[in-house]
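For reference, model-v1.pdb is printed below; it contains PDB, C-alpha atoms and all ligand atoms.
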```pdb
MODEL        1
ATOM      1  CA  MET N 616      80.755 104.296 133.599  1.00  0.00           C
ATOM      2  CA  ARG N 617      80.294 100.844 132.165  1.00  0.00           C
ATOM      3  CA  LYS N 618      78.440  98.469 134.489  1.00  0.00           C
ATOM      4  CA  PRO N 619      80.416  95.243 134.683  1.00  0.00           C
ATOM      5  CA  LEU N 620      78.623  92.085 133.552  1.00  0.00           C
ATOM      6  CA  ILE N 621      79.463  88.737 135.103  1.00  0.00           C
ATOM      7  CA  ALA N 622      77.814  85.946 133.136  1.00  0.00           C
ATOM      8  CA  GLY N 623      77.971  82.226 133.835  1.00  0.00           C
ATOM      9  CA  ASN N 624      78.214  80.025 130.768  1.00  0.00           C
ATOM     10  CA  TRP N 625      77.149  76.660 132.154  1.00  0.00           C
ATOM     11  CA  LYS N 626      77.907  74.927 128.845  1.00  0.00           C
ATOM     12  CA  MET N 627      76.492  71.348 128.775  1.00  0.00           C
ATOM     13  CA  ASN N 628      76.402  70.858 132.545  1.00  0.00           C
ATOM     14  CA  GLY N 629      73.794  70.413 135.225  1.00  0.00           C
ATOM     15  CA  SER N 630      70.514  68.711 135.995  1.00  0.00           C
ATOM     16  CA  ARG N 631      67.220  70.115 137.220  1.00  0.00           C
ATOM     17  CA  ALA N 632      68.280  69.295 140.769  1.00  0.00           C
ATOM     18  CA  SER N 633      71.812  70.690 140.569  1.00  0.00           C
ATOM     19  CA  ILE N 634      70.596  73.868 138.870  1.00  0.00           C
ATOM     20  CA  LYS N 635      68.050  74.467 141.608  1.00  0.00           C
ATOM     21  CA  GLU N 636      70.772  74.110 144.211  1.00  0.00           C
ATOM     22  CA  LEU N 637      73.144  76.381 142.294  1.00  0.00           C
ATOM     23  CA  LEU N 638      70.523  79.088 141.814  1.00  0.00           C
ATOM     24  CA  ASP N 639      69.421  78.889 145.449  1.00  0.00           C
ATOM     25  CA  GLY N 640      73.043  79.509 146.413  1.00  0.00           C
ATOM     26  CA  ILE N 641      73.478  82.434 144.019  1.00  0.00           C
ATOM     27  CA  LYS N 642      70.184  84.023 145.065  1.00  0.00           C
ATOM     28  CA  ALA N 643      71.140  83.747 148.717  1.00  0.00           C
ATOM     29  CA  GLY N 644      74.250  85.879 148.153  1.00  0.00           C
ATOM     30  CA  ILE N 645      73.176  88.229 145.391  1.00  0.00           C
ATOM     31  CA  ASP N 646      72.440  91.146 147.733  1.00  0.00           C
ATOM     32  CA  GLU N 647      76.157  91.393 148.468  1.00  0.00           C
ATOM     33  CA  VAL N 648      76.862  92.095 144.799  1.00  0.00           C
ATOM     34  CA  LYS N 649      76.703  95.874 144.732  1.00  0.00           C
ATOM     35  CA  THR N 650      77.673  96.985 141.259  1.00  0.00           C
ATOM     36  CA  ALA N 651      77.913  94.169 138.741  1.00  0.00           C
ATOM     37  CA  GLU N 652      75.085  92.929 136.598  1.00  0.00           C
ATOM     38  CA  VAL N 653      74.805  89.147 136.890  1.00  0.00           C
ATOM     39  CA  ALA N 654      73.499  86.619 134.353  1.00  0.00           C
ATOM     40  CA  VAL N 655      73.512  82.873 133.792  1.00  0.00           C
ATOM     41  CA  CYS N 656      73.302  80.930 130.529  1.00  0.00           C
ATOM     42  CA  PRO N 657      71.943  77.422 131.101  1.00  0.00           C
ATOM     43  CA  PRO N 658      71.443  74.684 128.512  1.00  0.00           C
ATOM     44  CA  PHE N 659      68.223  75.393 126.557  1.00  0.00           C
ATOM     45  CA  VAL N 660      66.139  72.687 128.225  1.00  0.00           C
ATOM     46  CA  TYR N 661      66.558  74.309 131.625  1.00  0.00           C
ATOM     47  CA  LEU N 662      65.498  77.800 130.564  1.00  0.00           C
ATOM     48  CA  ALA N 663      61.963  77.341 131.855  1.00  0.00           C
ATOM     49  CA  ASP N 664      63.251  76.268 135.268  1.00  0.00           C
ATOM     50  CA  VAL N 665      65.718  79.148 135.345  1.00  0.00           C
ATOM     51  CA  GLN N 666      63.040  81.652 134.346  1.00  0.00           C
ATOM     52  CA  GLN N 667      60.794  80.399 137.100  1.00  0.00           C
ATOM     53  CA  GLN N 668      63.561  80.530 139.697  1.00  0.00           C
ATOM     54  CA  LEU N 669      65.041  83.894 138.710  1.00  0.00           C
ATOM     55  CA  SER N 670      61.946  85.951 137.869  1.00  0.00           C
ATOM     56  CA  GLY N 671      61.735  88.836 140.313  1.00  0.00           C
ATOM     57  CA  THR N 672      65.452  88.635 141.183  1.00  0.00           C
ATOM     58  CA  PRO N 673      68.147  90.970 139.812  1.00  0.00           C
ATOM     59  CA  ILE N 674      69.776  88.036 137.986  1.00  0.00           C
ATOM     60  CA  ALA N 675      69.278  87.844 134.219  1.00  0.00           C
ATOM     61  CA  TRP N 676      69.567  84.782 132.004  1.00  0.00           C
ATOM     62  CA  GLY N 677      70.291  83.915 128.422  1.00  0.00           C
ATOM     63  CA  GLY N 678      70.893  81.215 125.830  1.00  0.00           C
ATOM     64  CA  GLN N 679      74.248  79.753 124.821  1.00  0.00           C
ATOM     65  CA  ASN N 680      73.487  79.816 121.109  1.00  0.00           C
ATOM     66  CA  LEU N 681      70.666  80.539 118.664  1.00  0.00           C
ATOM     67  CA  SER N 682      69.633  79.683 115.146  1.00  0.00           C
ATOM     68  CA  THR N 683      70.307  81.904 112.157  1.00  0.00           C
ATOM     69  CA  GLU N 684      66.720  81.175 111.111  1.00  0.00           C
ATOM     70  CA  GLU N 685      63.441  82.575 112.354  1.00  0.00           C
ATOM     71  CA  LYS N 686      61.393  79.349 112.295  1.00  0.00           C
ATOM     72  CA  GLY N 687      60.669  76.269 110.229  1.00  0.00           C
ATOM     73  CA  ALA N 688      62.238  72.961 109.276  1.00  0.00           C
ATOM     74  CA  PHE N 689      65.535  73.237 111.160  1.00  0.00           C
ATOM     75  CA  THR N 690      65.632  70.165 113.371  1.00  0.00           C
ATOM     76  CA  GLY N 691      67.397  70.700 116.659  1.00  0.00           C
ATOM     77  CA  GLU N 692      67.658  74.477 116.344  1.00  0.00           C
ATOM     78  CA  ILE N 693      66.372  77.172 118.715  1.00  0.00           C
ATOM     79  CA  ALA N 694      65.097  80.525 117.418  1.00  0.00           C
ATOM     80  CA  ALA N 695      65.637  83.961 118.935  1.00  0.00           C
ATOM     81  CA  SER N 696      61.877  84.278 119.489  1.00  0.00           C
ATOM     82  CA  MET N 697      61.947  81.102 121.605  1.00  0.00           C
ATOM     83  CA  LEU N 698      64.661  82.521 123.830  1.00  0.00           C
ATOM     84  CA  LEU N 699      62.602  85.676 124.260  1.00  0.00           C
ATOM     85  CA  ASP N 700      59.579  83.518 125.067  1.00  0.00           C
ATOM     86  CA  PHE N 701      61.484  82.284 128.120  1.00  0.00           C
ATOM     87  CA  GLY N 702      62.548  85.739 129.232  1.00  0.00           C
ATOM     88  CA  CYS N 703      66.139  85.635 128.001  1.00  0.00           C
ATOM     89  CA  LYS N 704      67.967  88.947 127.955  1.00  0.00           C
ATOM     90  CA  TYR N 705      71.270  87.663 126.548  1.00  0.00           C
ATOM     91  CA  VAL N 706      72.503  85.070 124.088  1.00  0.00           C
ATOM     92  CA  ILE N 707      76.088  83.934 123.606  1.00  0.00           C
ATOM     93  CA  VAL N 708      77.156  84.098 119.969  1.00  0.00           C
ATOM     94  CA  GLY N 709      80.269  82.602 118.401  1.00  0.00           C
ATOM     95  CA  HIS N 710      81.698  80.869 121.448  1.00  0.00           C
ATOM     96  CA  SER N 711      84.983  79.210 120.491  1.00  0.00           C
ATOM     97  CA  GLU N 712      83.430  75.783 121.133  1.00  0.00           C
ATOM     98  CA  ARG N 713      80.747  76.597 118.539  1.00  0.00           C
ATOM     99  CA  ARG N 714      83.413  77.858 116.160  1.00  0.00           C
ATOM    100  CA  THR N 715      85.794  74.915 116.476  1.00  0.00           C
ATOM    101  CA  LEU N 716      83.530  71.951 117.281  1.00  0.00           C
ATOM    102  CA  TYR N 717      80.489  72.948 115.200  1.00  0.00           C
ATOM    103  CA  GLY N 718      82.080  74.793 112.317  1.00  0.00           C
ATOM    104  CA  GLU N 719      80.631  78.252 112.906  1.00  0.00           C
ATOM    105  CA  ASP N 720      82.689  80.687 110.874  1.00  0.00           C
ATOM    106  CA  ASP N 721      82.841  84.476 111.109  1.00  0.00           C
ATOM    107  CA  ALA N 722      80.039  84.853 108.552  1.00  0.00           C
ATOM    108  CA  VAL N 723      77.633  82.610 110.492  1.00  0.00           C
ATOM    109  CA  VAL N 724      78.523  84.325 113.752  1.00  0.00           C
ATOM    110  CA  ALA N 725      77.827  87.727 112.192  1.00  0.00           C
ATOM    111  CA  VAL N 726      74.411  86.528 110.997  1.00  0.00           C
ATOM    112  CA  LYS N 727      73.614  85.192 114.475  1.00  0.00           C
ATOM    113  CA  TYR N 728      74.688  88.489 116.023  1.00  0.00           C
ATOM    114  CA  GLY N 729      72.306  90.352 113.731  1.00  0.00           C
ATOM    115  CA  VAL N 730      69.418  87.948 114.236  1.00  0.00           C
ATOM    116  CA  ALA N 731      69.762  88.147 118.026  1.00  0.00           C
ATOM    117  CA  ARG N 732      70.004  91.903 118.055  1.00  0.00           C
ATOM    118  CA  GLN N 733      67.107  92.469 115.700  1.00  0.00           C
ATOM    119  CA  ALA N 734      64.967  90.202 117.856  1.00  0.00           C
ATOM    120  CA  GLY N 735      65.764  92.304 120.937  1.00  0.00           C
ATOM    121  CA  LEU N 736      68.270  89.987 122.610  1.00  0.00           C
ATOM    122  CA  LYS N 737      71.655  91.258 123.731  1.00  0.00           C
ATOM    123  CA  PRO N 738      74.281  89.147 121.964  1.00  0.00           C
ATOM    124  CA  ILE N 739      77.474  88.319 123.839  1.00  0.00           C
ATOM    125  CA  LEU N 740      79.949  88.087 120.967  1.00  0.00           C
ATOM    126  CA  CYS N 741      82.870  85.774 121.767  1.00  0.00           C
ATOM    127  CA  ILE N 742      86.183  86.348 120.045  1.00  0.00           C
ATOM    128  CA  GLY N 743      89.658  85.060 120.755  1.00  0.00           C
ATOM    129  CA  GLU N 744      92.825  83.557 119.333  1.00  0.00           C
ATOM    130  CA  THR N 745      94.178  80.020 119.612  1.00  0.00           C
ATOM    131  CA  LEU N 746      97.566  79.275 121.187  1.00  0.00           C
ATOM    132  CA  GLU N 747      99.027  78.702 117.726  1.00  0.00           C
ATOM    133  CA  GLU N 748      97.777  82.087 116.557  1.00  0.00           C
ATOM    134  CA  ARG N 749      99.179  83.806 119.658  1.00  0.00           C
ATOM    135  CA  GLU N 750     102.550  82.128 119.171  1.00  0.00           C
ATOM    136  CA  LYS N 751     102.602  83.211 115.536  1.00  0.00           C
ATOM    137  CA  GLY N 752     102.050  86.784 116.690  1.00  0.00           C
ATOM    138  CA  ILE N 753      98.744  87.181 114.863  1.00  0.00           C
ATOM    139  CA  THR N 754      96.421  87.670 117.858  1.00  0.00           C
ATOM    140  CA  GLU N 755      95.411  91.175 116.779  1.00  0.00           C
ATOM    141  CA  ASP N 756      94.775  90.066 113.182  1.00  0.00           C
ATOM    142  CA  VAL N 757      92.474  87.303 114.382  1.00  0.00           C
ATOM    143  CA  ILE N 758      90.597  89.594 116.783  1.00  0.00           C
ATOM    144  CA  ALA N 759      90.217  92.263 114.093  1.00  0.00           C
ATOM    145  CA  ARG N 760      88.935  89.711 111.563  1.00  0.00           C
ATOM    146  CA  GLN N 761      86.368  88.296 114.018  1.00  0.00           C
ATOM    147  CA  LEU N 762      85.168  91.747 115.053  1.00  0.00           C
ATOM    148  CA  ASN N 763      85.137  93.242 111.563  1.00  0.00           C
ATOM    149  CA  ALA N 764      82.929  90.413 110.308  1.00  0.00           C
ATOM    150  CA  VAL N 765      80.187  91.717 112.609  1.00  0.00           C
ATOM    151  CA  ILE N 766      80.937  95.397 112.016  1.00  0.00           C
ATOM    152  CA  GLU N 767      80.862  94.978 108.229  1.00  0.00           C
ATOM    153  CA  LYS N 768      77.574  93.111 108.300  1.00  0.00           C
ATOM    154  CA  GLU N 769      75.699  94.981 111.027  1.00  0.00           C
ATOM    155  CA  GLY N 770      77.461  98.318 111.286  1.00  0.00           C
ATOM    156  CA  VAL N 771      79.583  99.510 114.200  1.00  0.00           C
ATOM    157  CA  ALA N 772      76.574 100.902 116.084  1.00  0.00           C
ATOM    158  CA  ALA N 773      75.284  97.318 116.410  1.00  0.00           C
ATOM    159  CA  LEU N 774      78.101  96.590 118.852  1.00  0.00           C
ATOM    160  CA  GLY N 775      76.454  99.033 121.229  1.00  0.00           C
ATOM    161  CA  ASP N 776      73.491  96.671 121.542  1.00  0.00           C
ATOM    162  CA  GLY N 777      75.591  93.752 122.699  1.00  0.00           C
ATOM    163  CA  VAL N 778      78.574  92.712 124.773  1.00  0.00           C
ATOM    164  CA  ILE N 779      81.980  91.497 123.592  1.00  0.00           C
ATOM    165  CA  ALA N 780      83.706  88.627 125.362  1.00  0.00           C
ATOM    166  CA  TYR N 781      87.427  88.246 124.762  1.00  0.00           C
ATOM    167  CA  GLU N 782      88.104  84.567 125.345  1.00  0.00           C
ATOM    168  CA  PRO N 783      91.578  83.398 124.378  1.00  0.00           C
ATOM    169  CA  VAL N 784      90.983  79.815 123.278  1.00  0.00           C
ATOM    170  CA  TRP N 785      94.131  78.622 125.059  1.00  0.00           C
ATOM    171  CA  ALA N 786      92.720  79.848 128.371  1.00  0.00           C
ATOM    172  CA  ILE N 787      89.309  78.188 128.127  1.00  0.00           C
ATOM    173  CA  GLY N 788      88.917  75.256 130.475  1.00  0.00           C
ATOM    174  CA  THR N 789      92.677  74.870 130.767  1.00  0.00           C
ATOM    175  CA  GLY N 790      93.351  76.600 134.083  1.00  0.00           C
ATOM    176  CA  LYS N 791      95.760  78.856 132.156  1.00  0.00           C
ATOM    177  CA  THR N 792      94.412  82.365 132.602  1.00  0.00           C
ATOM    178  CA  ALA N 793      95.695  85.277 130.575  1.00  0.00           C
ATOM    179  CA  THR N 794      97.626  87.609 132.837  1.00  0.00           C
ATOM    180  CA  PRO N 795      95.810  90.869 133.567  1.00  0.00           C
ATOM    181  CA  GLU N 796      98.354  92.625 131.329  1.00  0.00           C
ATOM    182  CA  GLN N 797      97.868  90.164 128.455  1.00  0.00           C
ATOM    183  CA  ALA N 798      94.104  90.489 128.707  1.00  0.00           C
ATOM    184  CA  GLN N 799      94.198  94.284 129.035  1.00  0.00           C
ATOM    185  CA  ALA N 800      96.392  94.551 125.934  1.00  0.00           C
ATOM    186  CA  VAL N 801      93.788  92.762 123.819  1.00  0.00           C
ATOM    187  CA  HIS N 802      90.838  94.536 125.465  1.00  0.00           C
ATOM    188  CA  GLY N 803      92.536  97.859 124.732  1.00  0.00           C
ATOM    189  CA  PHE N 804      93.119  96.773 121.143  1.00  0.00           C
ATOM    190  CA  ILE N 805      89.430  95.870 120.773  1.00  0.00           C
ATOM    191  CA  ARG N 806      88.275  99.192 122.192  1.00  0.00           C
ATOM    192  CA  ASN N 807      90.677 101.146 119.970  1.00  0.00           C
ATOM    193  CA  LEU N 808      89.574  99.256 116.892  1.00  0.00           C
ATOM    194  CA  ILE N 809      85.972 100.219 117.635  1.00  0.00           C
ATOM    195  CA  ALA N 810      86.931 103.785 118.585  1.00  0.00           C
ATOM    196  CA  ASP N 811      88.489 104.292 115.155  1.00  0.00           C
ATOM    197  CA  LYS N 812      84.998 103.796 113.742  1.00  0.00           C
ATOM    198  CA  ASP N 813      82.824 105.219 116.520  1.00  0.00           C
ATOM    199  CA  ALA N 814      84.234 106.673 119.729  1.00  0.00           C
ATOM    200  CA  ALA N 815      80.901 106.705 121.568  1.00  0.00           C
ATOM    201  CA  VAL N 816      80.223 103.016 120.914  1.00  0.00           C
ATOM    202  CA  ALA N 817      83.771 102.150 121.982  1.00  0.00           C
ATOM    203  CA  GLU N 818      83.332 103.987 125.263  1.00  0.00           C
ATOM    204  CA  GLN N 819      80.002 102.337 125.975  1.00  0.00           C
ATOM    205  CA  VAL N 820      80.535  98.708 124.928  1.00  0.00           C
ATOM    206  CA  ARG N 821      81.324  96.216 127.663  1.00  0.00           C
ATOM    207  CA  ILE N 822      84.225  93.861 126.992  1.00  0.00           C
ATOM    208  CA  GLN N 823      84.253  90.787 129.216  1.00  0.00           C
ATOM    209  CA  TYR N 824      87.213  88.514 129.762  1.00  0.00           C
ATOM    210  CA  GLY N 825      86.672  84.733 129.648  1.00  0.00           C
ATOM    211  CA  GLY N 826      89.054  81.816 130.105  1.00  0.00           C
ATOM    212  CA  SER N 827      89.740  80.185 133.459  1.00  0.00           C
ATOM    213  CA  MET N 828      88.556  83.223 135.390  1.00  0.00           C
ATOM    214  CA  ASN N 829      87.977  82.096 138.953  1.00  0.00           C
ATOM    215  CA  ALA N 830      87.486  83.259 142.520  1.00  0.00           C
ATOM    216  CA  ALA N 831      91.238  83.679 143.014  1.00  0.00           C
ATOM    217  CA  ASN N 832      92.173  85.638 139.886  1.00  0.00           C
ATOM    218  CA  ALA N 833      88.996  87.625 139.137  1.00  0.00           C
ATOM    219  CA  ALA N 834      89.746  90.754 141.180  1.00  0.00           C
ATOM    220  CA  GLU N 835      93.066  91.381 139.475  1.00  0.00           C
ATOM    221  CA  LEU N 836      91.649  90.871 135.979  1.00  0.00           C
ATOM    222  CA  LEU N 837      88.604  93.014 136.723  1.00  0.00           C
ATOM    223  CA  SER N 838      90.776  95.858 137.995  1.00  0.00           C
ATOM    224  CA  MET N 839      92.098  96.486 134.491  1.00  0.00           C
ATOM    225  CA  PRO N 840      90.625  99.564 132.802  1.00  0.00           C
ATOM    226  CA  ASP N 841      89.155  97.848 129.753  1.00  0.00           C
ATOM    227  CA  ILE N 842      87.938  94.638 131.413  1.00  0.00           C
ATOM    228  CA  ASP N 843      84.228  95.136 132.071  1.00  0.00           C
ATOM    229  CA  GLY N 844      83.259  91.787 133.510  1.00  0.00           C
ATOM    230  CA  GLY N 845      83.701  88.106 132.885  1.00  0.00           C
ATOM    231  CA  LEU N 846      82.221  85.192 130.994  1.00  0.00           C
ATOM    232  CA  ILE N 847      82.747  82.337 133.400  1.00  0.00           C
ATOM    233  CA  GLY N 848      82.681  78.627 132.591  1.00  0.00           C
ATOM    234  CA  GLY N 849      83.775  76.144 135.262  1.00  0.00           C
ATOM    235  CA  ALA N 850      83.734  78.567 138.184  1.00  0.00           C
ATOM    236  CA  SER N 851      80.130  79.561 137.433  1.00  0.00           C
ATOM    237  CA  LEU N 852      78.961  76.085 138.446  1.00  0.00           C
ATOM    238  CA  LYS N 853      79.779  76.676 142.104  1.00  0.00           C
ATOM    239  CA  ALA N 854      77.625  79.308 143.795  1.00  0.00           C
ATOM    240  CA  GLU N 855      80.284  80.520 146.216  1.00  0.00           C
ATOM    241  CA  ASP N 856      82.973  80.853 143.521  1.00  0.00           C
ATOM    242  CA  PHE N 857      80.590  82.591 141.147  1.00  0.00           C
ATOM    243  CA  LEU N 858      79.477  85.018 143.853  1.00  0.00           C
ATOM    244  CA  THR N 859      83.082  85.777 144.771  1.00  0.00           C
ATOM    245  CA  ILE N 860      83.729  86.739 141.145  1.00  0.00           C
ATOM    246  CA  CYS N 861      80.544  88.852 141.075  1.00  0.00           C
ATOM    247  CA  ARG N 862      81.585  90.666 144.241  1.00  0.00           C
ATOM    248  CA  ALA N 863      85.067  91.236 142.828  1.00  0.00           C
ATOM    249  CA  ALA N 864      83.445  93.187 139.987  1.00  0.00           C
ATOM    250  CA  GLY N 865      81.985  95.568 142.533  1.00  0.00           C
TER     251      GLY N 865
HETATM  252  P1  LIG N 901      86.261  78.385 131.714  1.00  0.00           P
HETATM  253  O1  LIG N 901      85.944  79.494 132.691  1.00  0.00           O
HETATM  254  O2  LIG N 901      85.790  77.043 132.174  1.00  0.00           O
HETATM  255  O3  LIG N 901      87.679  78.415 131.255  1.00  0.00           O
HETATM  256  O4  LIG N 901      85.355  78.707 130.401  1.00  0.00           O
HETATM  257  C1  LIG N 901      85.392  79.969 129.871  1.00  0.00           C
HETATM  258  C2  LIG N 901      84.351  80.032 128.813  1.00  0.00           C
HETATM  259  O5  LIG N 901      84.457  79.403 127.777  1.00  0.00           O
HETATM  260  C3  LIG N 901      83.165  80.871 129.063  1.00  0.00           C
HETATM  261  O6  LIG N 901      82.410  81.028 127.920  1.00  0.00           O
ENDMDL
END
```
Represent the structure of the file as structure tokens.
Amino acid sequence: MRKPLIAGNWKMNGSRASIKELLDGIKAGIDEVKTAEVAVCPPFVYLADVQQQLSGTPIAWGGQNLSTEEKGAFTGEIAASMLLDFGCKYVIVGHSERRTLYGEDDAVVAVKYGVARQAGLKPILCIGETLEEREKGITEDVIARQLNAVIEKEGVAALGDGVIAYEPVWAIGTGKTATPEQAQAVHGFIRNLIADKDAAVAEQVRIQYGGSMNAANAAELLSMPDIDGGLIGGASLKAEDFLTICRAAG
């Protein structure tokens, strides 16, 4: 059985004070989360605080991005080794905001996936179509292209070391969630695509849904057979909402 993973992507939100309050709230309720693995991904500058506050708890943490480079003259970048230095287990790779706002293409995302994995981090690979692509009927082409970029560079077995997050771009931050059936259709497509290359990896890899998942719609989405957790934006900033989603995963 795949253990569901609920991860909070805080994006560029929070302060030292608000993060302390949020983590106090999550820690207070974490014992009621029976099955799911739980993680949070704060902005880089708060990783030390998060490490201090979450060490010794069952909650993991990770970065929202990483550099393609190991070290050196790359102003403003953060290396995989630095994330490990602060106890990160996960790192988000190829989030649609990185792809669209910061020009990360499939090739860059594939490099980041490999760099993270080789360093010992678990990459959370984000893939997903835009509304225009969905309306054109090319959702599966887009998903296959994004996934194959990683498979071709790193090999299909590499997917077993990470997590996939299906995040339809039209559902991110819009309040428009994919229906459980819409999400399941794409999750099933992703698993089949991997199974064609390696059935064991396909069975093992966790595929999260992301895009306006919240306390009200999480249970229904998480009940679908190929939805193995969630990557949560807005609703991960409120302890009670985040915990409700975590409990919904089991
Ligand atoms: P929202 O949950 O705010 O739609 O964000 C989803 C997301 O982008 C998580 O990575």
_If we draw a sphere of 12 Å around (69.2, 86.3, 147.5), which residues have at least one atom in it when counting all atoms listed in the file? Please report them as a list of chain:residue names._
N:Leu637, N:Leu638, N:Asp639, N:Gly640, N:Ile641, N:Lys642, N:Ala643, N:Gly644, N:Ile645, N:Asp646, N:Glu647, N:Val648, N:Gln668, N:Leu669, N:Gly671, N:Thr672, N:Pro673, N:Ile674, N:Ala854, N:Leu858
Report the closest atom pair, with its distance in Å rounded to one decimal, for each residue of chain N that has an atom no farther than 9 Å from ligand LIG 901 (chain N); count all atoms listed in the file, sort by chain and then rising residue number, and write it as CSV.
```
residue,atom,partner,partner_atom,distance
N:Ala622,CA,N:LIG901,C3,8.4
N:Gly623,CA,N:LIG901,C3,7.2
N:Asn624,CA,N:LIG901,O6,5.2
N:Trp625,CA,N:LIG901,C3,8.0
N:Lys626,CA,N:LIG901,O6,7.6
N:Gln679,CA,N:LIG901,O6,8.8
N:Ile707,CA,N:LIG901,O6,8.2
N:His710,CA,N:LIG901,O6,6.5
N:Ser711,CA,N:LIG901,O5,7.3
N:Glu712,CA,N:LIG901,O5,7.6
N:Cys741,CA,N:LIG901,O6,7.8
N:Ala780,CA,N:LIG901,O6,8.1
N:Glu782,CA,N:LIG901,O5,6.8
N:Pro783,CA,N:LIG901,O5,8.8
N:Val784,CA,N:LIG901,O5,7.9
N:Trp785,CA,N:LIG901,O3,8.9
N:Ala786,CA,N:LIG901,O3,6.0
N:Ile787,CA,N:LIG901,O3,3.5
N:Gly788,CA,N:LIG901,O3,3.5
N:Thr789,CA,N:LIG901,O3,6.1
N:Gly790,CA,N:LIG901,O3,6.6
N:Lys791,CA,N:LIG901,O3,8.1
N:Thr792,CA,N:LIG901,O3,7.9
N:Tyr824,CA,N:LIG901,C3,8.7
N:Gly825,CA,N:LIG901,C1,4.9
N:Gly826,CA,N:LIG901,O3,3.8
N:Ser827,CA,N:LIG901,O3,3.5
N:Met828,CA,N:LIG901,O1,5.3
N:Asn829,CA,N:LIG901,O1,7.1
N:Gly845,CA,N:LIG901,C3,8.2
N:Leu846,CA,N:LIG901,C3,4.8
N:Ile847,CA,N:LIG901,O1,4.3
N:Gly848,CA,N:LIG901,O1,3.4
N:Gly849,CA,N:LIG901,O2,3.8
N:Ala850,CA,N:LIG901,O1,6.0
N:Ser851,CA,N:LIG901,O1,7.5
```
*Output check: residues returned by the PyMOL selection byres (((chain N and resi 728) around 12) and not hetatm), as a ChimeraX atom specification*: /N:680-684,695,705-710,721-727,729-741,761-762,764-770,773-779
_Distance of CA of Asn832 (chain N) from CA of Arg806 (chain N), expressed in Å to one decimal place_ = 22.6 Å
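The spacing separating CA of Asp813 (chain N) from CA of Tyr781 (chain N) amounts to 19.4 Å.
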